[in-house]
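Below: entry_0.pdb (PDB, C-alpha atoms and all ligand atoms)
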```pdb
ATOM      1  CA  MET S   1       3.109  -8.154 -11.162  1.00  0.00           C
ATOM      2  CA  LYS S   2       1.348  -9.098  -8.034  1.00  0.00           C
ATOM      3  CA  VAL S   3      -1.778  -8.258  -6.127  1.00  0.00           C
ATOM      4  CA  VAL S   4      -2.186  -8.425  -2.361  1.00  0.00           C
ATOM      5  CA  PHE S   5      -5.760  -8.329  -1.171  1.00  0.00           C
ATOM      6  CA  ALA S   6      -8.303  -9.480   1.379  1.00  0.00           C
ATOM      7  CA  CYS S   7     -10.511 -12.433   0.493  1.00  0.00           C
ATOM      8  CA  PRO S   8     -13.907 -10.987  -0.547  1.00  0.00           C
ATOM      9  CA  GLN S   9     -15.623 -13.716   1.436  1.00  0.00           C
ATOM     10  CA  CYS S  10     -13.765 -13.925   4.740  1.00  0.00           C
ATOM     11  CA  GLN S  11     -11.235 -11.041   4.605  1.00  0.00           C
ATOM     12  CA  ALA S  12      -8.268 -13.389   5.077  1.00  0.00           C
ATOM     13  CA  PRO S  13      -5.153 -11.976   3.394  1.00  0.00           C
ATOM     14  CA  GLY S  14      -4.304 -13.347  -0.029  1.00  0.00           C
ATOM     15  CA  ALA S  15      -1.810 -12.702  -2.798  1.00  0.00           C
ATOM     16  CA  ALA S  16      -1.620 -13.729  -6.431  1.00  0.00           C
ATOM     17  CA  ARG S  17       0.590 -13.227  -9.457  1.00  0.00           C
ATOM     18  CA  ILE S  18      -1.351 -11.697 -12.333  1.00  0.00           C
ATOM     19  CA  GLU S  19       0.776 -11.919 -15.472  1.00  0.00           C
ATOM     20  CA  THR S  20      -1.573 -14.589 -16.759  1.00  0.00           C
ATOM     21  CA  PRO S  21      -5.206 -15.423 -15.928  1.00  0.00           C
ATOM     22  CA  SER S  22      -5.451 -17.608 -12.878  1.00  0.00           C
ATOM     23  CA  VAL S  23      -7.808 -18.976 -10.315  1.00  0.00           C
ATOM     24  CA  TRP S  24      -7.062 -18.022  -6.765  1.00  0.00           C
ATOM     25  CA  ARG S  25      -8.397 -20.077  -3.910  1.00  0.00           C
ATOM     26  CA  CYS S  26      -8.652 -18.810  -0.373  1.00  0.00           C
ATOM     27  CA  ARG S  27      -6.762 -21.006   2.050  1.00  0.00           C
ATOM     28  CA  HIS S  28      -9.132 -20.000   4.803  1.00  0.00           C
ATOM     29  CA  CYS S  29     -12.632 -20.404   3.354  1.00  0.00           C
ATOM     30  CA  GLN S  30     -11.904 -22.168   0.019  1.00  0.00           C
ATOM     31  CA  GLN S  31     -13.584 -19.349  -1.895  1.00  0.00           C
ATOM     32  CA  GLU S  32     -12.406 -19.298  -5.506  1.00  0.00           C
ATOM     33  CA  LEU S  33     -11.762 -16.164  -7.463  1.00  0.00           C
ATOM     34  CA  SER S  34     -10.893 -16.159 -11.148  1.00  0.00           C
ATOM     35  CA  LEU S  35      -8.467 -13.409 -11.918  1.00  0.00           C
ATOM     36  CA  PRO S  36      -7.966 -12.160 -15.479  1.00  0.00           C
ATOM     37  CA  ALA S  37      -4.479 -11.234 -16.653  1.00  0.00           C
ATOM     38  CA  ALA S  38      -3.768  -7.666 -15.617  1.00  0.00           C
ATOM     39  CA  GLU S  39      -3.348  -5.013 -18.275  1.00  0.00           C
ATOM     40  CA  PRO S  40      -0.137  -3.063 -17.709  1.00  0.00           C
ATOM     41  CA  SER S  41      -2.115   0.177 -17.381  1.00  0.00           C
ATOM     42  CA  LEU S  42      -4.409  -1.421 -14.773  1.00  0.00           C
ATOM     43  CA  PRO S  43      -7.639   0.413 -15.715  1.00  0.00           C
ATOM     44  CA  CYS S  44      -9.656  -1.245 -12.956  1.00  0.00           C
ATOM     45  CA  CYS S  45      -9.331  -3.413  -9.872  1.00  0.00           C
ATOM     46  CA  LEU S  46      -9.170  -7.134 -10.653  1.00  0.00           C
ATOM     47  CA  ILE S  47     -10.689  -8.109  -7.336  1.00  0.00           C
ATOM     48  CA  CYS S  48     -13.801  -5.920  -7.213  1.00  0.00           C
ATOM     49  CA  GLY S  49     -13.921  -4.297 -10.663  1.00  0.00           C
ATOM     50  CA  ASN S  50     -13.764  -0.791  -9.230  1.00  0.00           C
ATOM     51  CA  ARG S  51     -12.342   1.819 -11.619  1.00  0.00           C
ATOM     52  CA  GLU S  52     -11.078   4.248  -9.013  1.00  0.00           C
ATOM     53  CA  LEU S  53      -7.532   3.455  -7.940  1.00  0.00           C
ATOM     54  CA  TYR S  54      -4.833   5.554  -6.342  1.00  0.00           C
ATOM     55  CA  LYS S  55      -1.086   5.298  -6.248  1.00  0.00           C
ATOM     56  CA  LYS S  56       1.142   5.406  -3.248  1.00  0.00           C
ATOM     57  CA  LYS S  57       4.758   4.673  -2.519  1.00  0.00           C
ATOM     58  CA  ASP S  58       5.358   1.012  -1.890  1.00  0.00           C
ATOM     59  CA  PHE S  59       7.222   1.909   1.266  1.00  0.00           C
ATOM     60  CA  PRO S  60       7.166  -0.472   4.196  1.00  0.00           C
ATOM     61  CA  HIS S  61       5.298   1.383   6.905  1.00  0.00           C
ATOM     62  CA  GLY S  62       7.509   2.134   9.851  1.00  0.00           C
ATOM     63  CA  TRP S  63      10.829   1.877   8.023  1.00  0.00           C
ATOM     64  CA  GLY S  64      11.240   5.605   7.464  1.00  0.00           C
ATOM     65  CA  MET S  65      10.161   6.171  11.036  1.00  0.00           C
ATOM     66  CA  ALA S  66      12.587   3.585  12.442  1.00  0.00           C
ATOM     67  CA  ILE S  67      15.476   5.149  10.535  1.00  0.00           C
ATOM     68  CA  LEU S  68      14.508   8.601  11.790  1.00  0.00           C
ATOM     69  CA  VAL S  69      14.274   7.451  15.399  1.00  0.00           C
ATOM     70  CA  ALA S  70      17.653   5.728  15.160  1.00  0.00           C
ATOM     71  CA  ALA S  71      19.189   8.872  13.689  1.00  0.00           C
ATOM     72  CA  CYS S  72      17.706  11.066  16.416  1.00  0.00           C
ATOM     73  CA  ALA S  73      19.003   8.737  19.108  1.00  0.00           C
ATOM     74  CA  ALA S  74      22.471   8.660  17.514  1.00  0.00           C
ATOM     75  CA  SER S  75      22.594  12.423  17.073  1.00  0.00           C
ATOM     76  CA  PHE S  76      21.492  12.899  20.656  1.00  0.00           C
ATOM     77  CA  TYR S  77      24.570  10.989  21.851  1.00  0.00           C
ATOM     78  CA  THR S  78      26.959  12.742  19.508  1.00  0.00           C
ATOM     79  CA  TYR S  79      25.439  16.022  20.690  1.00  0.00           C
ATOM     80  CA  LEU S  80      26.096  15.021  24.276  1.00  0.00           C
ATOM     81  CA  TRP S  81      29.715  14.425  23.361  1.00  0.00           C
ATOM     82  CA  TYR S  82      29.812  17.930  21.852  1.00  0.00           C
ATOM     83  CA  ASN S  83      30.555  16.506  18.464  1.00  0.00           C
ATOM     84  CA  LYS S  84      28.596  19.020  16.443  1.00  0.00           C
ATOM     85  CA  TRP S  85      29.888  17.955  13.040  1.00  0.00           C
ATOM     86  CA  LEU S  86      29.165  14.297  13.552  1.00  0.00           C
ATOM     87  CA  THR S  87      25.663  15.227  14.695  1.00  0.00           C
ATOM     88  CA  TRP S  88      25.047  17.165  11.516  1.00  0.00           C
ATOM     89  CA  ALA S  89      26.555  14.416   9.384  1.00  0.00           C
ATOM     90  CA  ILE S  90      24.177  11.865  10.904  1.00  0.00           C
ATOM     91  CA  LEU S  91      21.108  14.051  10.494  1.00  0.00           C
ATOM     92  CA  ILE S  92      21.862  15.119   6.932  1.00  0.00           C
ATOM     93  CA  GLY S  93      22.987  11.614   5.944  1.00  0.00           C
ATOM     94  CA  THR S  94      19.731  10.188   7.244  1.00  0.00           C
ATOM     95  CA  ALA S  95      17.620  12.745   5.413  1.00  0.00           C
ATOM     96  CA  MET S  96      19.457  11.906   2.175  1.00  0.00           C
ATOM     97  CA  PHE S  97      19.130   8.189   2.762  1.00  0.00           C
ATOM     98  CA  ASP S  98      15.392   8.538   3.383  1.00  0.00           C
ATOM     99  CA  GLY S  99      15.078  10.547   0.179  1.00  0.00           C
ATOM    100  CA  LEU S 100      16.965   7.944  -1.849  1.00  0.00           C
ATOM    101  CA  LEU S 101      14.926   5.133  -0.394  1.00  0.00           C
ATOM    102  CA  TYR S 102      11.800   7.040  -1.347  1.00  0.00           C
ATOM    103  CA  LEU S 103      12.966   7.394  -4.961  1.00  0.00           C
ATOM    104  CA  TRP S 104      14.154   3.831  -5.142  1.00  0.00           C
ATOM    105  CA  VAL S 105      10.967   2.106  -4.005  1.00  0.00           C
ATOM    106  CA  GLY S 106       8.301   1.732  -6.670  1.00  0.00           C
ATOM    107  CA  ASP S 107       4.669   2.722  -6.688  1.00  0.00           C
ATOM    108  CA  ALA S 108       1.911   0.534  -5.426  1.00  0.00           C
ATOM    109  CA  ILE S 109      -1.533   1.008  -6.913  1.00  0.00           C
ATOM    110  CA  VAL S 110      -4.369   0.629  -4.455  1.00  0.00           C
ATOM    111  CA  CYS S 111      -8.088   0.112  -4.952  1.00  0.00           C
ATOM    112  CA  TYR S 112     -10.233   2.656  -3.090  1.00  0.00           C
ATOM    113  CA  ARG S 113     -12.991   0.135  -2.552  1.00  0.00           C
ATOM    114  CA  CYS S 114     -11.360  -3.133  -1.534  1.00  0.00           C
ATOM    115  CA  GLN S 115      -7.849  -1.894  -0.649  1.00  0.00           C
ATOM    116  CA  ALA S 116      -6.166  -4.428  -2.944  1.00  0.00           C
ATOM    117  CA  HIS S 117      -2.508  -3.491  -3.440  1.00  0.00           C
ATOM    118  CA  TYR S 118      -0.989  -3.916  -6.895  1.00  0.00           C
ATOM    119  CA  LYS S 119       2.775  -4.173  -7.119  1.00  0.00           C
ATOM    120  CA  GLY S 120       5.044  -4.069 -10.140  1.00  0.00           C
ATOM    121  CA  PHE S 121       2.910  -1.650 -12.174  1.00  0.00           C
ATOM    122  CA  ARG S 122       3.773   1.733 -13.577  1.00  0.00           C
ATOM    123  CA  ALA S 123       1.243   4.264 -12.384  1.00  0.00           C
ATOM    124  CA  THR S 124      -0.477   6.091 -15.247  1.00  0.00           C
ATOM    125  CA  ALA S 125      -2.216   9.473 -15.376  1.00  0.00           C
ATOM    126  CA  ALA S 126      -5.384   7.684 -14.273  1.00  0.00           C
ATOM    127  CA  HIS S 127      -3.704   6.791 -10.993  1.00  0.00           C
ATOM    128  CA  GLN S 128      -3.485   9.851  -8.807  1.00  0.00           C
ATOM    129  CA  PRO S 129      -2.279   9.998  -5.207  1.00  0.00           C
ATOM    130  CA  PHE S 130      -4.890   9.290  -2.548  1.00  0.00           C
ATOM    131  CA  ALA S 131      -7.650  11.910  -2.547  1.00  0.00           C
ATOM    132  CA  LEU S 132      -9.323  12.435   0.798  1.00  0.00           C
ATOM    133  CA  THR S 133     -12.741  13.208  -0.695  1.00  0.00           C
ATOM    134  CA  VAL S 134     -12.774  10.026  -2.766  1.00  0.00           C
ATOM    135  CA  GLY S 135     -11.398   7.972   0.132  1.00  0.00           C
ATOM    136  CA  GLU S 136     -14.117   9.363   2.404  1.00  0.00           C
ATOM    137  CA  ARG S 137     -16.814   8.391  -0.081  1.00  0.00           C
ATOM    138  CA  TYR S 138     -15.588   4.781  -0.049  1.00  0.00           C
ATOM    139  CA  ARG S 139     -15.216   4.790   3.724  1.00  0.00           C
ATOM    140  CA  GLN S 140     -18.887   5.806   4.050  1.00  0.00           C
ATOM    141  CA  GLU S 141     -19.809   3.074   1.588  1.00  0.00           C
ATOM    142  CA  ARG S 142     -17.891   0.512   3.664  1.00  0.00           C
ATOM    143  CA  LEU S 143     -19.604   1.632   6.851  1.00  0.00           C
ATOM    144  CA  ARG S 144     -23.027   1.378   5.239  1.00  0.00           C
ATOM    145  CA  ARG S 145     -22.209  -2.101   3.990  1.00  0.00           C
ATOM    146  CA  GLU S 146     -21.070  -3.216   7.439  1.00  0.00           C
ATOM    147  CA  GLN S 147     -24.200  -1.774   9.041  1.00  0.00           C
ATOM    148  CA  PHE S 148     -26.308  -3.570   6.469  1.00  0.00           C
ATOM    149  CA  LYS S 149     -24.512  -6.853   7.197  1.00  0.00           C
ATOM    150  CA  ALA S 150     -24.845  -6.360  10.955  1.00  0.00           C
ATOM    151  CA  GLY S 151     -28.551  -5.584  10.595  1.00  0.00           C
ATOM    152  CA  LYS S 152     -29.269  -8.852   8.871  1.00  0.00           C
ATOM    153  CA  PRO S 153     -30.334 -11.733  11.143  1.00  0.00           C
TER
HETATM  154 ZN    ZN N 201     -11.610 -16.554   2.296  1.00  0.00          ZN
HETATM  155 ZN    ZN N 202     -10.950  -3.420  -5.619  1.00  0.00          ZN
END
```
Show me the file's structure as C-alpha cells.
Ligand SMILES: [Zn+2]
Ligand SMILES: [Zn+2]
Amino acid sequence: MKVVFACPQCQAPGAARIETPSVWRCRHCQQELSLPAAEPSLPCCLICGNRELYKKKDFPHGWGMAILVAACAASFYTYLWYNKWLTWAILIGTAMFDGLLYLWVGDAIVCYRCQAHYKGFRATAAHQPFALTVGERYRQERLRREQFKAGKP
C-alpha cells in the first residue's frame, strides 16, 4: 500500500508506504508529516483528512493512447498493402489488448481535495468513480484558497 501525493507545504511530489505508521519528511522543504497506518477500507485521506475519495483505474496516462496510435499506424500500412484481414486482426487485437490491460490494472483511490493517489487498495462502496459535481466543488475550493493566498501580502 502506497500513497503518492504533493507536499502540503511546497507541493513537491512525495510518496510513502502506509502499512505501518510513519513519519514522512519532504526532501524539498523538510516539512514533516506523520502518517497513520492506513485502514484497508481507506475511509478518509491520510494526507488531508478529507472523507470524499474517488476511484479510478491505475492506468498510466498515455499508454492506451500510444497503443491505439501504433495500431492505427500499423493498420494504415496493412490497408495500403490491401491486406484487409491483417488490418482487422491488428485493430481487433489491439482493442482486446486494451480491454485486458484495463481489467488487469488495479484501482487507484484519489482524494478529491489534495489529489493524493492511493495504490494497492481495494475500492469499497464508499469509493465511487469521479463525480463531476463533487470535483467541481473541490476545484472551486482550491481556486478560492489560491486567491486567498495570493491576496495575502
Ligand atoms: Zn515540501
Ligand atoms: Zn487528501
Identify, on the basis of only C-alpha atoms, every residue whose closest approach to Thr124 of chain S does not exceed 12 Å; exclude the query and any residue fewer than 5 positions from it along the same chain; express the result as a VMD selection string. chain S and resid 39 to 44 53 to 55 107 to 109 129
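Around ligand ZN 202 (chain N), using only C-alpha atoms and all ligand atoms and a cut-off of 6 Å, the residues in contact are S:Cys45, S:Ile47, S:Cys48, S:Gly49, S:Asn50, S:Cys111, S:Arg113, S:Cys114, S:Ala116.
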Taking (25.4, 9.2, 9.8) in the coordinates of the supplied file, I want to know which residues reach to within 12 Å of it, counting only C-alpha atoms; could you give the answer as JSON, numbers by chain? {"S": [67, 68, 70, 71, 72, 73, 74, 75, 78, 85, 86, 87, 88, 89, 90, 91, 92, 93, 94, 95, 96, 97, 98]}
Specify as a JSON list (two decimals) with C-alpha atoms, keeping the file's coordinate frame each residue included when the PyMOL selection byres (((not hetatm)) within 10 of (chain N and resi 201)) is applied to this file.
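Listing of selection33.json after writing:
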```
[["chain", "number", "residue", "atom", "x", "y", "z"],
["S", 6, "ALA", "CA", -8.30, -9.48, 1.38],
["S", 7, "CYS", "CA", -10.51, -12.43, 0.49],
["S", 8, "PRO", "CA", -13.91, -10.99, -0.55],
["S", 9, "GLN", "CA", -15.62, -13.72, 1.44],
["S", 10, "CYS", "CA", -13.76, -13.92, 4.74],
["S", 11, "GLN", "CA", -11.24, -11.04, 4.61],
["S", 12, "ALA", "CA", -8.27, -13.39, 5.08],
["S", 13, "PRO", "CA", -5.15, -11.98, 3.39],
["S", 14, "GLY", "CA", -4.30, -13.35, -0.03],
["S", 25, "ARG", "CA", -8.40, -20.08, -3.91],
["S", 26, "CYS", "CA", -8.65, -18.81, -0.37],
["S", 27, "ARG", "CA", -6.76, -21.01, 2.05],
["S", 28, "HIS", "CA", -9.13, -20.00, 4.80],
["S", 29, "CYS", "CA", -12.63, -20.40, 3.35],
["S", 30, "GLN", "CA", -11.90, -22.17, 0.02],
["S", 31, "GLN", "CA", -13.58, -19.35, -1.90],
["S", 32, "GLU", "CA", -12.41, -19.30, -5.51],
["S", 33, "LEU", "CA", -11.76, -16.16, -7.46]]
```
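Reported to one decimal place, the separation of atom CA of Lys56 of chain S from atom CA of Ala38 of chain S is 18.7 Å.
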Length of the atom CA of Arg122 of chain S to atom CA of Asp58 of chain S vector [Å]: 11.8 Å
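Here atom CA of Val110 of chain S and atom CA of Arg139 of chain S stand 14.2 Å from one another.
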Listed atoms of segment 138-153 of chain S boxed axis-aligned with 4 Å per side, centre + edges as lines of an AutoDock Vina configuration file:
```
center_x = -22.8
center_y = -3.0
center_z = 5.5
size_x = 23.1
size_y = 25.5
size_z = 19.2
```
Do a neighbour search on Val105 of chain S at 8 Å with all atoms listed in the file, toss out local chain neighbours closer than 3 positions, and write the hits as number ranges by chain. S: 57-59, 101-102
